[in-house]
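Source file protein.cif; content: mmCIF, C-alpha atoms and all ligand atoms.
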```cif
data_coords
loop_
_atom_site.group_PDB
_atom_site.id
_atom_site.type_symbol
_atom_site.label_atom_id
_atom_site.label_comp_id
_atom_site.auth_asym_id
_atom_site.auth_seq_id
_atom_site.Cartn_x
_atom_site.Cartn_y
_atom_site.Cartn_z
ATOM 1 C CA MET A 1148 30.070 1.192 -73.740
ATOM 2 C CA VAL A 1149 29.344 0.512 -70.078
ATOM 3 C CA SER A 1150 25.601 -0.042 -69.683
ATOM 4 C CA CYS A 1151 24.463 2.629 -67.203
ATOM 5 C CA GLU A 1152 21.266 3.291 -65.278
ATOM 6 C CA VAL A 1153 20.635 6.128 -62.826
ATOM 7 C CA LEU A 1154 18.849 6.075 -59.472
ATOM 8 C CA ARG A 1155 17.653 9.493 -58.374
ATOM 9 C CA LEU A 1156 17.161 9.410 -54.595
ATOM 10 C CA GLY A 1157 15.342 11.918 -52.425
ATOM 11 C CA HIS A 1158 13.182 13.422 -55.169
ATOM 12 C CA ARG A 1159 10.686 15.771 -53.489
ATOM 13 C CA PRO A 1160 7.934 16.418 -56.038
ATOM 14 C CA GLU A 1161 7.019 19.797 -54.550
ATOM 15 C CA ARG A 1162 10.514 21.288 -54.871
ATOM 16 C CA ASP A 1163 12.721 19.075 -57.081
ATOM 17 C CA LYS A 1164 10.662 18.835 -60.255
ATOM 18 C CA ARG A 1165 12.952 20.969 -62.382
ATOM 19 C CA ILE A 1166 16.267 19.561 -61.192
ATOM 20 C CA THR A 1167 15.071 15.947 -61.352
ATOM 21 C CA THR A 1168 13.877 16.623 -64.903
ATOM 22 C CA HIS A 1169 17.382 17.882 -65.695
ATOM 23 C CA VAL A 1170 18.944 14.800 -64.077
ATOM 24 C CA ALA A 1171 16.745 12.611 -66.308
ATOM 25 C CA LEU A 1172 17.473 14.650 -69.472
ATOM 26 C CA THR A 1173 21.188 14.493 -68.700
ATOM 27 C CA ALA A 1174 21.046 10.735 -68.130
ATOM 28 C CA ARG A 1175 19.299 10.305 -71.502
ATOM 29 C CA ALA A 1176 21.513 12.675 -73.466
ATOM 30 C CA PHE A 1177 24.752 11.242 -72.088
ATOM 31 C CA GLY A 1178 23.974 7.608 -72.848
ATOM 32 C CA ALA A 1179 22.303 6.059 -69.778
ATOM 33 C CA ASN A 1180 19.503 3.598 -70.592
ATOM 34 C CA LYS A 1181 17.154 4.238 -67.728
ATOM 35 C CA ILE A 1182 16.390 6.419 -64.711
ATOM 36 C CA HIS A 1183 14.648 5.236 -61.563
ATOM 37 C CA LEU A 1184 12.879 7.780 -59.339
ATOM 38 C CA ASN A 1185 12.241 7.057 -55.690
ATOM 39 C CA ARG A 1186 8.822 8.759 -55.840
ATOM 40 C CA PRO A 1187 6.252 8.761 -58.630
ATOM 41 C CA ASP A 1188 6.031 12.053 -60.525
ATOM 42 C CA SER A 1189 3.881 11.957 -63.627
ATOM 43 C CA ARG A 1190 4.990 15.467 -64.703
ATOM 44 C CA ILE A 1191 8.597 14.293 -65.071
ATOM 45 C CA VAL A 1192 7.555 11.085 -66.822
ATOM 46 C CA LYS A 1193 5.526 13.173 -69.287
ATOM 47 C CA THR A 1194 8.358 15.644 -69.987
ATOM 48 C CA ILE A 1195 10.869 12.854 -70.612
ATOM 49 C CA SER A 1196 8.416 10.833 -72.713
ATOM 50 C CA ASP A 1197 7.683 13.938 -74.821
ATOM 51 C CA VAL A 1198 11.408 14.530 -75.405
ATOM 52 C CA SER A 1199 11.928 10.882 -76.388
ATOM 53 C CA GLU A 1200 8.960 10.983 -78.756
ATOM 54 C CA LYS A 1201 10.362 14.109 -80.420
ATOM 55 C CA PHE A 1202 14.048 13.231 -80.473
ATOM 56 C CA GLY A 1203 14.001 9.415 -80.380
ATOM 57 C CA GLY A 1204 15.867 6.740 -78.491
ATOM 58 C CA ASN A 1205 14.800 4.082 -76.008
ATOM 59 C CA PHE A 1206 15.336 5.872 -72.704
ATOM 60 C CA ILE A 1207 13.127 4.528 -69.898
ATOM 61 C CA ILE A 1208 11.888 6.319 -66.790
ATOM 62 C CA GLU A 1209 10.308 4.408 -63.932
ATOM 63 C CA THR A 1210 9.589 4.568 -60.223
ATOM 64 C CA VAL A 1211 11.029 2.253 -57.579
ATOM 65 C CA SER A 1212 8.850 1.826 -54.511
ATOM 66 C CA ASN A 1213 11.678 0.530 -52.310
ATOM 67 C CA PRO A 1214 15.033 2.048 -53.369
ATOM 68 C CA LYS A 1215 17.047 0.165 -50.720
ATOM 69 C CA SER A 1216 15.777 -3.213 -51.821
ATOM 70 C CA PHE A 1217 16.240 -2.170 -55.470
ATOM 71 C CA VAL A 1218 19.890 -1.301 -54.765
ATOM 72 C CA GLN A 1219 20.483 -4.499 -52.758
ATOM 73 C CA LYS A 1220 19.142 -6.600 -55.631
ATOM 74 C CA TRP A 1221 21.111 -4.736 -58.345
ATOM 75 C CA LYS A 1222 23.235 -7.149 -60.387
ATOM 76 C CA GLY A 1223 26.301 -5.155 -61.327
ATOM 77 C CA ASN A 1224 28.425 -2.320 -59.999
ATOM 78 C CA ILE A 1225 27.082 0.592 -57.960
ATOM 79 C CA LEU A 1226 28.615 4.055 -58.058
ATOM 80 C CA HIS A 1227 27.304 6.665 -55.622
ATOM 81 C CA LEU A 1228 28.093 10.271 -56.494
ATOM 82 C CA THR A 1229 28.904 12.238 -53.376
ATOM 83 C CA MET A 1230 31.132 15.214 -52.624
ATOM 84 C CA PHE A 1231 32.539 13.128 -49.736
ATOM 85 C CA GLY A 1232 33.813 10.352 -51.984
ATOM 86 C CA ILE A 1233 37.183 9.563 -53.503
ATOM 87 C CA PRO A 1234 38.114 11.192 -56.836
ATOM 88 C CA LEU A 1235 36.257 9.744 -59.824
ATOM 89 C CA ASN A 1236 39.484 9.577 -61.839
ATOM 90 C CA GLU A 1237 40.934 7.057 -59.365
ATOM 91 C CA LYS A 1238 38.119 4.580 -60.101
ATOM 92 C CA LEU A 1239 37.561 5.212 -63.815
ATOM 93 C CA GLY A 1240 39.886 2.400 -64.936
ATOM 94 C CA VAL A 1241 38.239 -0.328 -62.882
ATOM 95 C CA ILE A 1242 34.713 0.864 -63.724
ATOM 96 C CA THR A 1243 35.265 1.077 -67.477
ATOM 97 C CA LYS A 1244 37.061 -2.291 -67.629
ATOM 98 C CA SER A 1245 34.130 -4.088 -65.983
ATOM 99 C CA LYS A 1246 31.525 -5.686 -68.233
ATOM 100 C CA GLU A 1247 28.905 -5.393 -65.490
ATOM 101 C CA PRO A 1248 26.024 -2.898 -65.753
ATOM 102 C CA LEU A 1249 26.552 0.211 -63.657
ATOM 103 C CA LEU A 1250 23.972 1.836 -61.382
ATOM 104 C CA ILE A 1251 24.810 5.496 -60.694
ATOM 105 C CA ILE A 1252 23.114 6.932 -57.596
ATOM 106 C CA VAL A 1253 22.586 10.669 -57.185
ATOM 107 C CA GLY A 1254 20.879 12.369 -54.257
ATOM 108 C CA ALA A 1255 18.792 15.465 -53.718
ATOM 109 C CA GLU A 1256 18.817 16.045 -49.995
ATOM 110 C CA LYS A 1257 21.287 14.191 -47.719
ATOM 111 C CA VAL A 1258 21.234 10.489 -48.605
ATOM 112 C CA PRO A 1259 20.781 7.783 -45.906
ATOM 113 C CA PRO A 1260 23.900 5.909 -44.678
ATOM 114 C CA TRP A 1261 22.882 2.638 -46.406
ATOM 115 C CA VAL A 1262 23.679 4.286 -49.764
ATOM 116 C CA PHE A 1263 27.366 4.558 -48.791
ATOM 117 C CA GLU A 1264 27.326 1.007 -47.437
ATOM 118 C CA CYS A 1265 25.657 -0.621 -50.469
ATOM 119 C CA SER A 1266 27.796 1.176 -53.053
ATOM 120 C CA ASP A 1267 30.925 -0.336 -54.584
ATOM 121 C CA TYR A 1268 32.295 3.139 -55.240
ATOM 122 C CA ASN A 1269 31.550 6.337 -53.319
ATOM 123 C CA VAL A 1270 32.954 8.793 -55.779
ATOM 124 C CA ALA A 1271 33.384 12.583 -55.945
ATOM 125 C CA VAL A 1272 33.690 14.939 -58.865
ATOM 126 C CA GLY A 1273 35.885 17.287 -56.863
ATOM 127 C CA ASN A 1274 35.212 17.573 -53.130
ATOM 128 C CA GLN A 1275 33.226 20.795 -53.326
ATOM 129 C CA PRO A 1276 29.417 20.838 -53.211
ATOM 130 C CA HIS A 1277 27.822 21.426 -56.610
ATOM 131 C CA SER A 1278 24.965 19.649 -58.323
ATOM 132 C CA GLU A 1279 23.694 16.189 -59.187
ATOM 133 C CA VAL A 1280 23.276 17.382 -62.780
ATOM 134 C CA SER A 1281 26.886 18.451 -63.207
ATOM 135 C CA ALA A 1282 28.238 15.425 -61.306
ATOM 136 C CA LEU A 1283 26.191 13.048 -63.466
ATOM 137 C CA ALA A 1284 27.116 14.723 -66.759
ATOM 138 C CA ILE A 1285 30.827 14.641 -65.989
ATOM 139 C CA THR A 1286 30.696 11.048 -64.750
ATOM 140 C CA LEU A 1287 28.774 9.712 -67.752
ATOM 141 C CA SER A 1288 30.978 11.595 -70.194
ATOM 142 C CA LYS A 1289 34.109 10.110 -68.601
ATOM 143 C CA ILE A 1290 32.746 6.559 -68.381
ATOM 144 C CA ASN A 1291 31.279 6.582 -71.897
ATOM 145 C CA PRO A 1292 32.860 9.438 -73.886
ATOM 146 C CA GLU A 1293 30.916 8.309 -76.969
ATOM 147 C CA GLY A 1294 27.580 8.434 -75.076
ATOM 148 C CA CYS A 1295 26.650 11.974 -76.042
ATOM 149 C CA GLU A 1296 27.520 11.339 -79.716
ATOM 150 C CA GLN A 1297 25.154 8.376 -80.017
ATOM 151 C CA SER A 1298 22.243 8.485 -82.447
ATOM 152 C CA PHE A 1299 18.695 8.450 -81.144
ATOM 153 C CA ASP A 1300 16.552 6.423 -83.543
ATOM 154 C CA GLY A 1301 12.857 6.748 -84.135
ATOM 155 C CA GLY A 1302 12.178 10.397 -83.215
ATOM 156 C CA LEU A 1303 10.107 12.959 -85.098
ATOM 157 C CA LEU A 1304 12.864 15.572 -85.265
ATOM 158 C CA GLU A 1305 16.589 15.619 -85.805
ATOM 159 C CA VAL A 1306 18.926 18.484 -85.050
ATOM 160 C CA ILE A 1307 21.225 19.407 -87.902
ATOM 161 C CA PRO A 1308 24.334 20.824 -86.274
ATOM 162 C CA SER A 1309 24.954 24.372 -87.434
ATOM 163 C CA SER A 1310 27.377 27.073 -86.427
ATOM 164 C CA GLU A 1311 24.915 29.719 -87.633
ATOM 165 C CA ARG A 1312 21.340 28.926 -86.752
ATOM 166 C CA ARG A 1313 18.758 26.698 -85.155
ATOM 167 C CA ASN A 1314 18.159 23.896 -87.627
ATOM 168 C CA MET A 1315 16.022 20.761 -87.318
ATOM 169 C CA ILE A 1316 14.456 18.430 -89.856
ATOM 170 C CA SER A 1317 11.246 16.494 -89.522
ATOM 171 C CA LYS A 1318 11.734 12.745 -89.973
ATOM 172 C CA GLU A 1319 8.036 12.028 -90.519
HETATM 173 N N1 LIG B 1 23.989 18.497 -48.818
HETATM 174 C C1 LIG B 1 23.852 17.251 -49.507
HETATM 175 C C2 LIG B 1 24.647 16.157 -48.854
HETATM 176 O O1 LIG B 1 25.137 16.373 -47.765
HETATM 177 O O2 LIG B 1 24.758 15.071 -49.418
HETATM 178 C C3 LIG B 1 24.295 17.433 -50.945
HETATM 179 C C4 LIG B 1 23.160 17.625 -51.847
HETATM 180 S S1 LIG B 1 23.687 17.933 -53.493
HETATM 181 C C5 LIG B 1 22.817 19.373 -53.915
HETATM 182 C C6 LIG B 1 22.780 16.725 -54.363
HETATM 183 C C7 LIG B 1 23.596 15.637 -54.982
HETATM 184 O O3 LIG B 1 24.557 16.205 -55.868
HETATM 185 C C8 LIG B 1 24.392 14.759 -54.069
HETATM 186 O O4 LIG B 1 23.617 13.778 -53.450
HETATM 187 C C9 LIG B 1 25.414 14.159 -55.045
HETATM 188 O O5 LIG B 1 24.847 13.038 -55.718
HETATM 189 C C10 LIG B 1 25.635 15.297 -56.036
HETATM 190 N N2 LIG B 1 26.881 16.036 -55.804
HETATM 191 C C11 LIG B 1 27.027 17.294 -55.358
HETATM 192 N N3 LIG B 1 28.308 17.649 -55.294
HETATM 193 C C12 LIG B 1 29.034 16.584 -55.735
HETATM 194 C C13 LIG B 1 30.414 16.319 -55.895
HETATM 195 N N4 LIG B 1 31.354 17.227 -55.618
HETATM 196 N N5 LIG B 1 30.769 15.116 -56.378
HETATM 197 C C14 LIG B 1 29.853 14.177 -56.681
HETATM 198 N N6 LIG B 1 28.523 14.373 -56.537
HETATM 199 C C15 LIG B 1 28.114 15.551 -56.069
#
```

Transcribe the structure of this file into structure tokens.
Ligand code: SAM
Amino acid sequence: MVSCEVLRLGHRPERDKRITTHVALTARAFGANKIHLNRPDSRIVKTISDVSEKFGGNFIIETVSNPKSFVQKWKGNILHLTMFGIPLNEKLGVITKSKEPLLIIVGAEKVPPWVFECSDYNVAVGNQPHSEVSALAITLSKINPEGCEQSFDGGLLEVIPSSERRNMISKE
């Protein structure tokens, strides 16, 4: 698996709480190890920590005070998701062959120009505007198809897949 982390840029606590929470849940569920938020938001940290406590895994959420410097110091590949980029499928081969960790950047509002300049790949999931949640889910599932099948150790609950009903067991 390619080791992936996500940088969520432009998070505005007053209006992006729900969508940033969904970006973080998607990152966790689809196999990323960590999400970095550009602004502190304890409500999102609490929601994600609660989910991890219940359902397990080692997903980490943290805040970066200076996203530009964080990106410049990143040791590995950087993929920026933007509707203006080149098709993801054109870069999948080179990204999945690399052994380097991958930082995936998603925006909220318009991202600053340095994001395009610092990224190794400015990549689009189609060239129509949609959502950071859908773009991230599709990207992670193509880079690491096994990511959403991984087991999450150490939680209190486990979902038992069922075609008929809601079924979970307590692991306590
Ligand atoms: N109007 C904004 C702009 O000009 O960048 C787009 C904001 S969009 C709601 C939020 C984020 O969703 C973008 O920063 C990008 O990461 C992601 N996104 C939206 N459409 C995408 C696409 N077709 N391909 C890849 N990422 C996309």

Q.
7 Å from ligand LIG 1 (chain B) is the threshold here; counting only C-alpha atoms and all ligand atoms, which polymer residues fall inside it? Answer as a count of residues only.
A. 22

Q | Counting only C-alpha atoms, the option among A:Ser1266, A:Asn1224, A:Asn1314, A:Gln1297 closest to Ile1242 of chain A | A | A:Asn1224

Q.
Need the shell around His1183 of chain A: protein/DNA/RNA residues with any atom at most 12 Å away, counting all atoms listed in the file. Skip same-chain ones fewer than 3 positions apart. Format as JSON, numbers by chain?
A. {"A": [1151, 1152, 1153, 1154, 1155, 1156, 1157, 1158, 1167, 1168, 1170, 1171, 1174, 1179, 1180, 1186, 1187, 1188, 1191, 1192, 1206, 1207, 1208, 1209, 1210, 1211, 1212, 1213, 1214, 1217, 1218, 1250, 1251, 1252, 1253, 1254]}

Q: Rounded to one decimal place, report the atom CA of Cys1295 of chain A-atom CA of Ile1182 of chain A distance in Å.
A: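 Pair atom CA of Cys1295 of chain A / atom CA of Ile1182 of chain A returns 16.3 Å.
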
(Q) I'd like to see the residues matched by the PyMOL selection byres (((chain A and resi 1303-1309) around 10) and not hetatm) on this file, and ideally I'd get them as a list in words. (A)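 Evaluating the PyMOL selection byres (((chain A and resi 1303-1309) around 10) and not hetatm) on these coordinates yields Val1198, Ser1199, Glu1200, Lys1201, Phe1202, Gly1203, Ser1298, Phe1299, Asp1300, Gly1301, Gly1302, Ser1310, Glu1311, Arg1312, Arg1313, Asn1314, Met1315, Ile1316, Ser1317, Lys1318 and Glu1319 of chain A.
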
Q. Mind pulling up the distance from atom CA of Glu1296 of chain A to atom CA of Gly1204 of chain A?
A.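 Between these atoms lies a distance of 12.6 Å.
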
**Q.** Selected residue of minimal separation from Ile1290 of chain A among A:Ile1233, A:Leu1226, A:Leu1184, A:Val1262, counting all atoms listed in the file
**A.**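 Going through A:Ile1233, A:Leu1226, A:Leu1184, A:Val1262 one by one, the smallest distance to Ile1290 of chain A is for A:Leu1226.
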
(Q) Could you check the closest approach to Cys1265 of chain A for each of A:Lys1222, A:Arg1162, A:Lys1289, A:Lys1215 and tell me which residue wins, using all atoms listed in the file? (A) A:Lys1215

Let me have the centre and edge lengths of the axis-aligned box enclosing all listed atoms of segment 1156-1167 of chain A with 3 Å padding on every side, in Å to one decimal, as JSON.
```
{"center_x": 12.1, "center_y": 15.3, "center_z": -57.4, "size_x": 16.1, "size_y": 17.9, "size_z": 16.0}
```

(Q) Measuring between only C-alpha atoms, which one of A:Asp1197, A:Gly1178, A:Ser1281, A:Phe1231 shows the shortest distance to Val1149 of chain A? (A)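 The answer is A:Gly1178, which sits nearest to Val1149 of chain A.
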
(Q) Quick check, in Å to one decimal: how far apart do atom CA of Pro1292 of chain A and atom CA of Met1148 of chain A lie? (A) 8.7 Å

(Q) Measuring between only C-alpha atoms, which one of A:Asn1205, A:Ser1189, A:Ser1245, A:Thr1194 shows the shortest distance to Gly1223 of chain A? (A)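 The closest residue to Gly1223 of chain A is A:Ser1245.
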
Q | Nearest-residue call for Pro1248 of chain A, choices A:Ile1225, A:Ile1195, A:Leu1283, A:Ile1166, using only C-alpha atoms | A |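 Of the candidates, the smallest distance to Pro1248 of chain A is held by A:Ile1225.
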